[in-house]
file start08.pdb (PDB, C-alpha atoms and all ligand atoms)
ATOM      1  CA  MET A   1       0.000   0.000   0.000
ATOM      2  CA  ALA A   2       1.166   3.538  -0.707
ATOM      3  CA  ASP A   3       2.694   5.415   2.216
ATOM      4  CA  THR A   4       0.921   8.238   3.983
ATOM      5  CA  TRP A   5       2.691  10.415   6.539
ATOM      6  CA  GLU A   6       0.664   8.764   9.298
ATOM      7  CA  SER A   7       1.327   5.179   8.198
ATOM      8  CA  LEU A   8       5.013   5.860   7.644
ATOM      9  CA  LYS A   9       5.468   7.537  11.024
ATOM     10  CA  SER A  10       3.636   4.750  12.777
ATOM     11  CA  ALA A  11       5.712   2.030  11.067
ATOM     12  CA  CYS A  12       8.954   3.907  11.726
ATOM     13  CA  GLY A  13       7.999   4.267  15.390
ATOM     14  CA  GLN A  14       8.074   0.482  15.731
ATOM     15  CA  CYS A  15      11.316  -0.061  13.830
ATOM     16  CA  ASP A  16      13.813  -2.560  15.194
ATOM     17  CA  GLY A  17      15.969  -2.649  12.085
ATOM     18  CA  CYS A  18      19.265  -2.075  13.888
ATOM     19  CA  ALA A  19      20.810  -2.214  17.354
ATOM     20  CA  LEU A  20      19.951   1.432  18.107
ATOM     21  CA  ALA A  21      16.373   0.262  18.732
ATOM     22  CA  GLN A  22      17.614  -1.371  21.946
ATOM     23  CA  THR A  23      19.031   1.826  23.462
ATOM     24  CA  ARG A  24      16.690   4.549  22.171
ATOM     25  CA  SER A  25      13.890   6.070  24.235
ATOM     26  CA  THR A  26      11.967   7.503  21.279
ATOM     27  CA  VAL A  27      12.134   7.235  17.515
ATOM     28  CA  VAL A  28      12.698  10.746  16.133
ATOM     29  CA  PHE A  29      10.756  10.643  12.882
ATOM     30  CA  GLY A  30      10.786  14.280  11.740
ATOM     31  CA  ASP A  31       9.269  17.702  12.264
ATOM     32  CA  GLY A  32       7.873  20.544  10.211
ATOM     33  CA  ALA A  33       5.489  21.014   7.318
ATOM     34  CA  THR A  34       4.635  17.898   5.342
ATOM     35  CA  ASP A  35       4.113  20.062   2.264
ATOM     36  CA  ALA A  36       7.406  21.945   2.655
ATOM     37  CA  GLU A  37       9.569  22.552  -0.397
ATOM     38  CA  ILE A  38      12.741  22.482   1.699
ATOM     39  CA  LEU A  39      14.056  19.378   3.448
ATOM     40  CA  LEU A  40      16.761  19.734   6.103
ATOM     41  CA  ILE A  41      18.622  16.557   6.965
ATOM     42  CA  GLY A  42      20.668  16.151  10.129
ATOM     43  CA  GLU A  43      22.728  13.261  11.391
ATOM     44  CA  GLY A  44      20.777  11.640  14.177
ATOM     45  CA  PRO A  45      19.037  12.429  17.460
ATOM     46  CA  GLY A  46      20.959  13.540  20.549
ATOM     47  CA  GLN A  47      19.836  13.201  24.142
ATOM     48  CA  ARG A  48      17.114  15.877  24.112
ATOM     49  CA  GLU A  49      15.732  14.640  20.820
ATOM     50  CA  ASP A  50      15.684  11.076  22.141
ATOM     51  CA  GLU A  51      13.731  12.286  25.186
ATOM     52  CA  GLN A  52      11.261  14.443  23.278
ATOM     53  CA  GLY A  53      10.929  12.620  19.942
ATOM     54  CA  VAL A  54      11.531  15.823  17.967
ATOM     55  CA  PRO A  55      14.644  16.624  15.890
ATOM     56  CA  PHE A  56      16.941  19.503  16.797
ATOM     57  CA  VAL A  57      15.495  20.557  20.148
ATOM     58  CA  GLY A  58      18.792  20.709  22.074
ATOM     59  CA  LYS A  59      21.457  23.430  21.923
ATOM     60  CA  ALA A  60      22.302  22.715  18.284
ATOM     61  CA  GLY A  61      18.593  22.911  17.517
ATOM     62  CA  GLN A  62      18.308  26.352  19.082
ATOM     63  CA  LEU A  63      21.134  27.517  16.856
ATOM     64  CA  LEU A  64      19.443  25.888  13.858
ATOM     65  CA  ASP A  65      16.264  27.842  14.614
ATOM     66  CA  ASP A  66      18.342  31.055  14.754
ATOM     67  CA  MET A  67      20.005  30.173  11.438
ATOM     68  CA  LEU A  68      16.608  29.604   9.828
ATOM     69  CA  GLU A  69      15.372  32.918  11.184
ATOM     70  CA  ILE A  70      18.298  34.758   9.540
ATOM     71  CA  ILE A  71      16.880  33.759   6.156
ATOM     72  CA  GLY A  72      13.224  34.228   7.062
ATOM     73  CA  LEU A  73      12.403  30.590   7.708
ATOM     74  CA  ASP A  74      11.027  28.623  10.620
ATOM     75  CA  ARG A  75       9.819  25.089  11.247
ATOM     76  CA  THR A  76       6.453  25.761   9.666
ATOM     77  CA  LYS A  77       8.173  26.328   6.296
ATOM     78  CA  VAL A  78      10.617  23.419   6.209
ATOM     79  CA  TYR A  79      10.687  19.733   7.060
ATOM     80  CA  ILE A  80      13.474  18.421   9.286
ATOM     81  CA  ALA A  81      14.606  14.802   9.414
ATOM     82  CA  ASN A  82      17.746  12.848  10.264
ATOM     83  CA  VAL A  83      19.827  10.177   8.546
ATOM     84  CA  VAL A  84      19.198   7.876  11.520
ATOM     85  CA  LYS A  85      16.004   8.070  13.534
ATOM     86  CA  CYS A  86      17.362   6.680  16.796
ATOM     87  CA  ARG A  87      20.024   8.120  19.072
ATOM     88  CA  PRO A  88      23.479   6.568  18.802
ATOM     89  CA  PRO A  89      24.822   5.934  22.332
ATOM     90  CA  GLN A  90      26.995   8.799  23.649
ATOM     91  CA  ASN A  91      26.146  10.708  20.470
ATOM     92  CA  ARG A  92      28.766   8.831  18.473
ATOM     93  CA  ASP A  93      28.594   8.987  14.674
ATOM     94  CA  PRO A  94      25.986   6.572  13.325
ATOM     95  CA  LEU A  95      27.680   3.447  11.941
ATOM     96  CA  ASN A  96      27.334   2.623   8.251
ATOM     97  CA  VAL A  97      25.290  -0.447   9.145
ATOM     98  CA  GLU A  98      22.879   1.768  11.134
ATOM     99  CA  GLN A  99      22.652   4.321   8.329
ATOM    100  CA  ASP A 100      21.965   1.554   5.815
ATOM    101  CA  ALA A 101      19.291   0.014   8.024
ATOM    102  CA  CYS A 102      17.600   3.408   8.384
ATOM    103  CA  LYS A 103      17.875   4.877   4.905
ATOM    104  CA  ASP A 104      14.586   3.558   3.570
ATOM    105  CA  TRP A 105      12.669   5.688   6.109
ATOM    106  CA  LEU A 106      14.305   8.865   4.829
ATOM    107  CA  ARG A 107      13.837   7.741   1.223
ATOM    108  CA  ARG A 108      10.111   7.274   1.854
ATOM    109  CA  GLN A 109       9.848  10.608   3.708
ATOM    110  CA  THR A 110      11.543  12.298   0.759
ATOM    111  CA  ALA A 111       9.188  10.553  -1.693
ATOM    112  CA  LEU A 112       6.162  11.849   0.238
ATOM    113  CA  LEU A 113       7.536  15.370   0.605
ATOM    114  CA  ARG A 114       8.952  15.788  -2.910
ATOM    115  CA  PRO A 115      11.174  18.726  -1.841
ATOM    116  CA  LYS A 116      12.688  21.189  -4.284
ATOM    117  CA  LEU A 117      15.720  21.803  -2.094
ATOM    118  CA  ILE A 118      17.622  19.570   0.299
ATOM    119  CA  VAL A 119      20.009  21.063   2.838
ATOM    120  CA  CYS A 120      22.305  18.583   4.556
ATOM    121  CA  LEU A 121      23.385  19.620   8.023
ATOM    122  CA  GLY A 122      26.948  18.454   8.447
ATOM    123  CA  ARG A 123      29.359  15.890   7.084
ATOM    124  CA  ILE A 124      27.437  12.712   7.905
ATOM    125  CA  ALA A 125      24.275  13.814   6.090
ATOM    126  CA  ALA A 126      26.253  15.233   3.153
ATOM    127  CA  LYS A 127      28.084  11.927   2.705
ATOM    128  CA  ALA A 128      24.865   9.924   3.008
ATOM    129  CA  ILE A 129      22.799  12.125   0.692
ATOM    130  CA  ILE A 130      25.039  14.009  -1.735
ATOM    131  CA  LYS A 131      28.096  11.833  -2.264
ATOM    132  CA  GLU A 132      30.175   9.373  -0.281
ATOM    133  CA  ASP A 133      33.394  11.410  -0.626
ATOM    134  CA  PHE A 134      31.830  14.781   0.264
ATOM    135  CA  LYS A 135      34.362  17.090   1.966
ATOM    136  CA  ILE A 136      32.459  19.461   4.212
ATOM    137  CA  THR A 137      35.364  21.911   4.667
ATOM    138  CA  SER A 138      35.819  22.514   0.944
ATOM    139  CA  GLU A 139      32.381  21.684  -0.475
ATOM    140  CA  HIS A 140      29.928  23.273   1.972
ATOM    141  CA  GLY A 141      27.684  25.760   0.212
ATOM    142  CA  ARG A 142      28.179  24.180  -3.216
ATOM    143  CA  TRP A 143      25.048  23.139  -5.123
ATOM    144  CA  PHE A 144      24.469  19.676  -6.573
ATOM    145  CA  SER A 145      21.518  18.575  -8.701
ATOM    146  CA  ARG A 146      20.016  15.078  -8.369
ATOM    147  CA  GLY A 147      16.876  14.094 -10.241
ATOM    148  CA  GLY A 148      15.680  17.689 -10.390
ATOM    149  CA  VAL A 149      16.346  18.336  -6.700
ATOM    150  CA  GLN A 150      18.909  20.960  -5.717
ATOM    151  CA  MET A 151      21.097  19.897  -2.811
ATOM    152  CA  THR A 152      23.693  21.550  -0.678
ATOM    153  CA  ALA A 153      25.376  21.038   2.683
ATOM    154  CA  ILE A 154      26.320  23.439   5.435
ATOM    155  CA  TYR A 155      28.247  22.929   8.651
ATOM    156  CA  HIS A 156      26.288  21.140  11.348
ATOM    157  CA  PRO A 157      24.994  23.597  13.998
ATOM    158  CA  ALA A 158      26.882  21.586  16.657
ATOM    159  CA  ALA A 159      30.118  22.272  14.731
ATOM    160  CA  LEU A 160      29.216  25.987  14.700
ATOM    161  CA  LEU A 161      28.769  25.860  18.478
ATOM    162  CA  ARG A 162      32.225  24.325  18.872
ATOM    163  CA  ASP A 163      33.947  26.591  16.334
ATOM    164  CA  VAL A 164      32.492  30.067  15.909
ATOM    165  CA  GLY A 165      35.182  30.722  13.266
ATOM    166  CA  LYS A 166      33.030  28.695  10.851
ATOM    167  CA  ARG A 167      30.052  31.042  11.249
ATOM    168  CA  PRO A 168      30.951  33.692   8.620
ATOM    169  CA  GLU A 169      31.202  31.019   5.885
ATOM    170  CA  THR A 170      27.919  29.553   7.053
ATOM    171  CA  PHE A 171      26.301  32.966   6.844
ATOM    172  CA  GLU A 172      27.323  33.102   3.170
ATOM    173  CA  ASP A 173      25.924  29.587   2.649
ATOM    174  CA  LEU A 174      22.636  30.608   4.261
ATOM    175  CA  LYS A 175      22.407  33.594   1.906
ATOM    176  CA  SER A 176      22.967  31.253  -1.035
ATOM    177  CA  ILE A 177      20.179  28.987   0.257
ATOM    178  CA  GLN A 178      17.898  32.008   0.598
ATOM    179  CA  ALA A 179      18.616  33.022  -3.006
ATOM    180  CA  LYS A 180      17.909  29.471  -4.212
ATOM    181  CA  ILE A 181      14.607  29.464  -2.314
ATOM    182  CA  GLN A 182      13.642  32.771  -3.912
ATOM    183  CA  GLU A 183      14.463  31.291  -7.300
ATOM    184  CA  LEU A 184      12.708  27.931  -6.937
ATOM    185  CA  CYS A 185      10.190  27.875  -4.119
ATOM    186  CA  THR A 186       6.659  29.215  -3.979
ATOM    187  CA  HIS A 187       5.434  28.245  -0.485
ATOM    188  CA  THR A 188       7.859  30.552   1.330
ATOM    189  CA  ASP A 189       7.301  34.250   1.124
ATOM    190  CA  LEU A 190      10.960  35.348   1.135
TER     191      LEU A 190
HETATM  192  N1  LIG B 201      21.839  16.717  15.706
HETATM  193  C1  LIG B 201      21.311  16.138  14.618
HETATM  194  O1  LIG B 201      22.001  15.871  13.638
HETATM  195  N2  LIG B 201      19.997  15.880  14.629
HETATM  196  C2  LIG B 201      19.210  16.171  15.646
HETATM  197  O2  LIG B 201      18.017  15.912  15.558
HETATM  198  C3  LIG B 201      19.783  16.777  16.771
HETATM  199  C4  LIG B 201      21.106  17.045  16.794
END

call {"tool": "encode", "arguments": {"input": "start08.pdb", "output": "structure tokens"}}
result
Amino acid sequence: MADTWESLKSACGQCDGCALAQTRSTVVFGDGATDAEILLIGEGPGQREDEQGVPFVGKAGQLLDDMLEIIGLDRTKVYIANVVKCRPPQNRDPLNVEQDACKDWLRRQTALLRPKLIVCLGRIAAKAIIKEDFKITSEHGRWFSRGGVQMTAIYHPAALLRDVGKRPETFEDLKSIQAKIQELCTHTDL
């Protein structure tokens, strides 16, 4: 049967496709507008997200909200999901086997959303979504086209919390995303 947002979320909420199912509190499916033209993809839930079941609600999430505000966006105008839906213990990078086990959920979310733009948040998402050998330090802010969808990656908000020196480049990347939205999107009034 064809997916609906409700059926997909419900099935994902019962997933035991990898070992992360044993240690998670909550599956973090996604957040935002299910008719958004812009899909943001993070790495995986942290502690707060695991507790609340919502992506990007911890410190990095607060910075993400501020970054969105800079370009006139908020969570009602985008959809936010992660490469893995369950928290890796101690916030380690998700293993390839965990990413592989989880990728069909994101594929099906993307198929339902049909975004015009995808913004990867950080190295892990960029490697999973744009290309395996993506180099975040040299390729952030660059645009890639896949099947009619424009994709880019920016530094992960957690990296911007650790290293404020990366913020000016990210500001430029955000401006480029804003320009792309103005060019391609109709739902956002930027
Ligand atoms: N970092 C991520 O990549 N995703 C979240 O949901 C929270 C923090």

call {"tool": "axis_aligned_box", "arguments": {"input": "start08.pdb", "around": "ligand LIG 201 (chain B)", "padding_each_side": "4 Å", "output": "AutoDock Vina command-line options"}}
result
--center_x 20.0 --center_y 16.5 --center_z 15.2 --size_x 12.0 --size_y 9.2 --size_z 11.2

call {"tool": "resolve_selection", "arguments": {"input": "start08.pdb", "expression": "the PyMOL selection byres (((chain A and resi 125) around 10) and not hetatm)", "output": "PyMOL selection string"}}
result
chain A and resi 40-44+82-84+99+119-124+126-132+134+153-154+156

call {"tool": "atom_distance", "arguments": {"input": "start08.pdb", "atom1": "CA of Leu95 in chain A", "atom2": "CA of Thr152 in chain A"}}
result
22.4 Å

call {"tool": "closest_residue", "arguments": {"input": "start08.pdb", "among": "A:Asn91, A:Thr137, A:Ser145, A:Ser176", "to": "ligand LIG 201 (chain B)", "atoms": "only C-alpha atoms and all ligand atoms"}}
result
A:Asn91

call {"tool": "residues_around", "arguments": {"input": "start08.pdb", "residues": "range 13-22 of chain A", "least_positions_apart": "5", "cutoff": "7 Å", "atoms": "all atoms listed in the file", "output": "ChimeraX atom specification"}}
result
/A:27,86-88,98,101

call {"tool": "atom_distance", "arguments": {"input": "start08.pdb", "atom1": "CA of Arg75 in chain A", "atom2": "CA of Lys135 in chain A"}}
result
27.4 Å

call {"tool": "resolve_selection", "arguments": {"input": "start08.pdb", "expression": "the PyMOL selection byres (((chain A and resi 64) around 12) and not hetatm)", "output": "PyMOL selection string"}}
result
chain A and resi 40-42+55-63+65-71+73-75+78+80+121-122+154-161+170+174

call {"tool": "write_last_selection", "arguments": {"input": "start08.pdb", "atoms": "C-alpha atoms", "output": "PDB file, in the coordinates of the input"}}
result
ATOM      1  CA  LEU A  40      16.761  19.734   6.103  1.00  0.00           C
ATOM      2  CA  ILE A  41      18.622  16.557   6.965  1.00  0.00           C
ATOM      3  CA  GLY A  42      20.668  16.151  10.129  1.00  0.00           C
ATOM      4  CA  PRO A  55      14.644  16.624  15.890  1.00  0.00           C
ATOM      5  CA  PHE A  56      16.941  19.503  16.797  1.00  0.00           C
ATOM      6  CA  VAL A  57      15.495  20.557  20.148  1.00  0.00           C
ATOM      7  CA  GLY A  58      18.792  20.709  22.074  1.00  0.00           C
ATOM      8  CA  LYS A  59      21.457  23.430  21.923  1.00  0.00           C
ATOM      9  CA  ALA A  60      22.302  22.715  18.284  1.00  0.00           C
ATOM     10  CA  GLY A  61      18.593  22.911  17.517  1.00  0.00           C
ATOM     11  CA  GLN A  62      18.308  26.352  19.082  1.00  0.00           C
ATOM     12  CA  LEU A  63      21.134  27.517  16.856  1.00  0.00           C
ATOM     13  CA  ASP A  65      16.264  27.842  14.614  1.00  0.00           C
ATOM     14  CA  ASP A  66      18.342  31.055  14.754  1.00  0.00           C
ATOM     15  CA  MET A  67      20.005  30.173  11.438  1.00  0.00           C
ATOM     16  CA  LEU A  68      16.608  29.604   9.828  1.00  0.00           C
ATOM     17  CA  GLU A  69      15.372  32.918  11.184  1.00  0.00           C
ATOM     18  CA  ILE A  70      18.298  34.758   9.540  1.00  0.00           C
ATOM     19  CA  ILE A  71      16.880  33.759   6.156  1.00  0.00           C
ATOM     20  CA  LEU A  73      12.403  30.590   7.708  1.00  0.00           C
ATOM     21  CA  ASP A  74      11.027  28.623  10.620  1.00  0.00           C
ATOM     22  CA  ARG A  75       9.819  25.089  11.247  1.00  0.00           C
ATOM     23  CA  VAL A  78      10.617  23.419   6.209  1.00  0.00           C
ATOM     24  CA  ILE A  80      13.474  18.421   9.286  1.00  0.00           C
ATOM     25  CA  LEU A 121      23.385  19.620   8.023  1.00  0.00           C
ATOM     26  CA  GLY A 122      26.948  18.454   8.447  1.00  0.00           C
ATOM     27  CA  ILE A 154      26.320  23.439   5.435  1.00  0.00           C
ATOM     28  CA  TYR A 155      28.247  22.929   8.651  1.00  0.00           C
ATOM     29  CA  HIS A 156      26.288  21.140  11.348  1.00  0.00           C
ATOM     30  CA  PRO A 157      24.994  23.597  13.998  1.00  0.00           C
ATOM     31  CA  ALA A 158      26.882  21.586  16.657  1.00  0.00           C
ATOM     32  CA  ALA A 159      30.118  22.272  14.731  1.00  0.00           C
ATOM     33  CA  LEU A 160      29.216  25.987  14.700  1.00  0.00           C
ATOM     34  CA  LEU A 161      28.769  25.860  18.478  1.00  0.00           C
ATOM     35  CA  THR A 170      27.919  29.553   7.053  1.00  0.00           C
ATOM     36  CA  LEU A 174      22.636  30.608   4.261  1.00  0.00           C
TER      37      LEU A 174
END

call {"tool": "resolve_selection", "arguments": {"input": "start08.pdb", "expression": "the PyMOL selection byres (((chain A and resi 109) around 10) and not hetatm)", "output": "compact mmCIF listing (two decimals) with C-alpha atoms, keeping the file's coordinate frame"}}
result
# COMPACT_ATOMS: atom_id res chain seq x y z
CA ASP A 3 2.69 5.42 2.22
CA THR A 4 0.92 8.24 3.98
CA TRP A 5 2.69 10.42 6.54
CA LEU A 8 5.01 5.86 7.64
CA LYS A 9 5.47 7.54 11.02
CA PHE A 29 10.76 10.64 12.88
CA GLY A 30 10.79 14.28 11.74
CA THR A 34 4.64 17.90 5.34
CA LEU A 39 14.06 19.38 3.45
CA TYR A 79 10.69 19.73 7.06
CA ALA A 81 14.61 14.80 9.41
CA LYS A 103 17.88 4.88 4.90
CA ASP A 104 14.59 3.56 3.57
CA TRP A 105 12.67 5.69 6.11
CA LEU A 106 14.30 8.86 4.83
CA ARG A 107 13.84 7.74 1.22
CA ARG A 108 10.11 7.27 1.85
CA THR A 110 11.54 12.30 0.76
CA ALA A 111 9.19 10.55 -1.69
CA LEU A 112 6.16 11.85 0.24
CA LEU A 113 7.54 15.37 0.60
CA ARG A 114 8.95 15.79 -2.91
CA PRO A 115 11.17 18.73 -1.84

call {"tool": "atom_distance", "arguments": {"input": "start08.pdb", "atom1": "CA of Gly32 in chain A", "atom2": "atom C2 of ligand LIG 201 (chain B)"}}
result
13.3 Å

call {"tool": "decode", "arguments": {"input": "start08.pdb", "residues": "range 17-41 of chain A", "atoms": "N, CA, C and O atoms", "output": "short mmCIF file (atom, residue, chain, number, x, y, z; two decimals), in the first residue's frame"}}
result
data_model
loop_
_atom_site.label_atom_id
_atom_site.label_comp_id
_atom_site.auth_asym_id
_atom_site.auth_seq_id
_atom_site.Cartn_x
_atom_site.Cartn_y
_atom_site.Cartn_z
N GLY A 17 15.09 -2.25 13.19
CA GLY A 17 15.97 -2.65 12.09
C GLY A 17 17.45 -2.63 12.40
O GLY A 17 18.25 -3.13 11.61
N CYS A 18 17.85 -2.03 13.51
CA CYS A 18 19.27 -2.08 13.89
C CYS A 18 19.37 -2.02 15.41
O CYS A 18 18.37 -1.83 16.12
N ALA A 19 20.59 -2.11 15.90
CA ALA A 19 20.81 -2.21 17.35
C ALA A 19 20.43 -0.94 18.10
O ALA A 19 20.21 -0.98 19.31
N LEU A 20 20.32 0.19 17.41
CA LEU A 20 19.95 1.43 18.11
C LEU A 20 18.55 1.33 18.73
O LEU A 20 18.23 2.06 19.66
N ALA A 21 17.73 0.45 18.18
CA ALA A 21 16.37 0.26 18.73
C ALA A 21 16.42 -0.18 20.19
O ALA A 21 15.50 0.09 20.97
N GLN A 22 17.50 -0.86 20.57
CA GLN A 22 17.61 -1.37 21.95
C GLN A 22 17.93 -0.27 22.96
O GLN A 22 17.62 -0.40 24.14
N THR A 23 18.58 0.80 22.50
CA THR A 23 19.03 1.83 23.46
C THR A 23 18.24 3.14 23.35
O THR A 23 18.38 4.00 24.21
N ARG A 24 17.45 3.30 22.31
CA ARG A 24 16.69 4.55 22.17
C ARG A 24 15.56 4.63 23.19
O ARG A 24 15.07 3.59 23.65
N SER A 25 15.14 5.89 23.50
CA SER A 25 13.89 6.07 24.24
C SER A 25 12.76 6.28 23.25
O SER A 25 11.67 5.73 23.40
N THR A 26 13.01 7.13 22.23
CA THR A 26 11.97 7.50 21.28
C THR A 26 12.54 7.52 19.87
O THR A 26 13.66 7.98 19.67
N VAL A 27 11.76 7.06 18.92
CA VAL A 27 12.13 7.23 17.52
C VAL A 27 11.87 8.70 17.15
O VAL A 27 10.79 9.23 17.43
N VAL A 28 12.86 9.34 16.53
CA VAL A 28 12.70 10.75 16.13
C VAL A 28 12.43 10.75 14.63
O VAL A 28 13.35 10.69 13.81
N PHE A 29 11.16 10.82 14.28
CA PHE A 29 10.76 10.64 12.88
C PHE A 29 11.05 11.89 12.05
O PHE A 29 11.72 11.82 11.01
N GLY A 30 10.58 13.05 12.50
CA GLY A 30 10.79 14.28 11.74
C GLY A 30 9.88 15.36 12.28
O GLY A 30 9.05 15.11 13.15
N ASP A 31 10.06 16.57 11.77
CA ASP A 31 9.27 17.70 12.26
C ASP A 31 9.13 18.72 11.15
O ASP A 31 10.00 18.83 10.29
N GLY A 32 8.04 19.46 11.17
CA GLY A 32 7.87 20.54 10.21
C GLY A 32 6.66 20.34 9.34
O GLY A 32 5.75 19.58 9.69
N ALA A 33 6.65 21.03 8.20
CA ALA A 33 5.49 21.01 7.32
C ALA A 33 5.61 19.87 6.32
O ALA A 33 6.61 19.76 5.61
N THR A 34 4.57 19.05 6.25
CA THR A 34 4.64 17.90 5.34
C THR A 34 4.39 18.29 3.89
O THR A 34 4.41 17.43 3.01
N ASP A 35 4.15 19.59 3.66
CA ASP A 35 4.11 20.06 2.26
C ASP A 35 5.25 21.06 1.99
O ASP A 35 5.20 21.83 1.04
N ALA A 36 6.28 21.00 2.83
CA ALA A 36 7.41 21.95 2.65
C ALA A 36 8.16 21.66 1.36
O ALA A 36 8.20 20.53 0.88
N GLU A 37 8.75 22.71 0.81
CA GLU A 37 9.57 22.55 -0.40
C GLU A 37 11.05 22.37 -0.04
O GLU A 37 11.87 22.11 -0.91
N ILE A 38 11.35 22.53 1.24
CA ILE A 38 12.74 22.48 1.70
C ILE A 38 12.88 21.39 2.75
O ILE A 38 12.17 21.40 3.76
N LEU A 39 13.80 20.46 2.50
CA LEU A 39 14.06 19.38 3.45
C LEU A 39 15.44 19.58 4.06
O LEU A 39 16.44 19.69 3.33
N LEU A 40 15.49 19.66 5.38
CA LEU A 40 16.76 19.73 6.10
C LEU A 40 17.05 18.36 6.67
O LEU A 40 16.16 17.75 7.28
N ILE A 41 18.28 17.90 6.48
CA ILE A 41 18.62 16.56 6.96
C ILE A 41 19.82 16.62 7.90
O ILE A 41 20.92 17.03 7.50
#
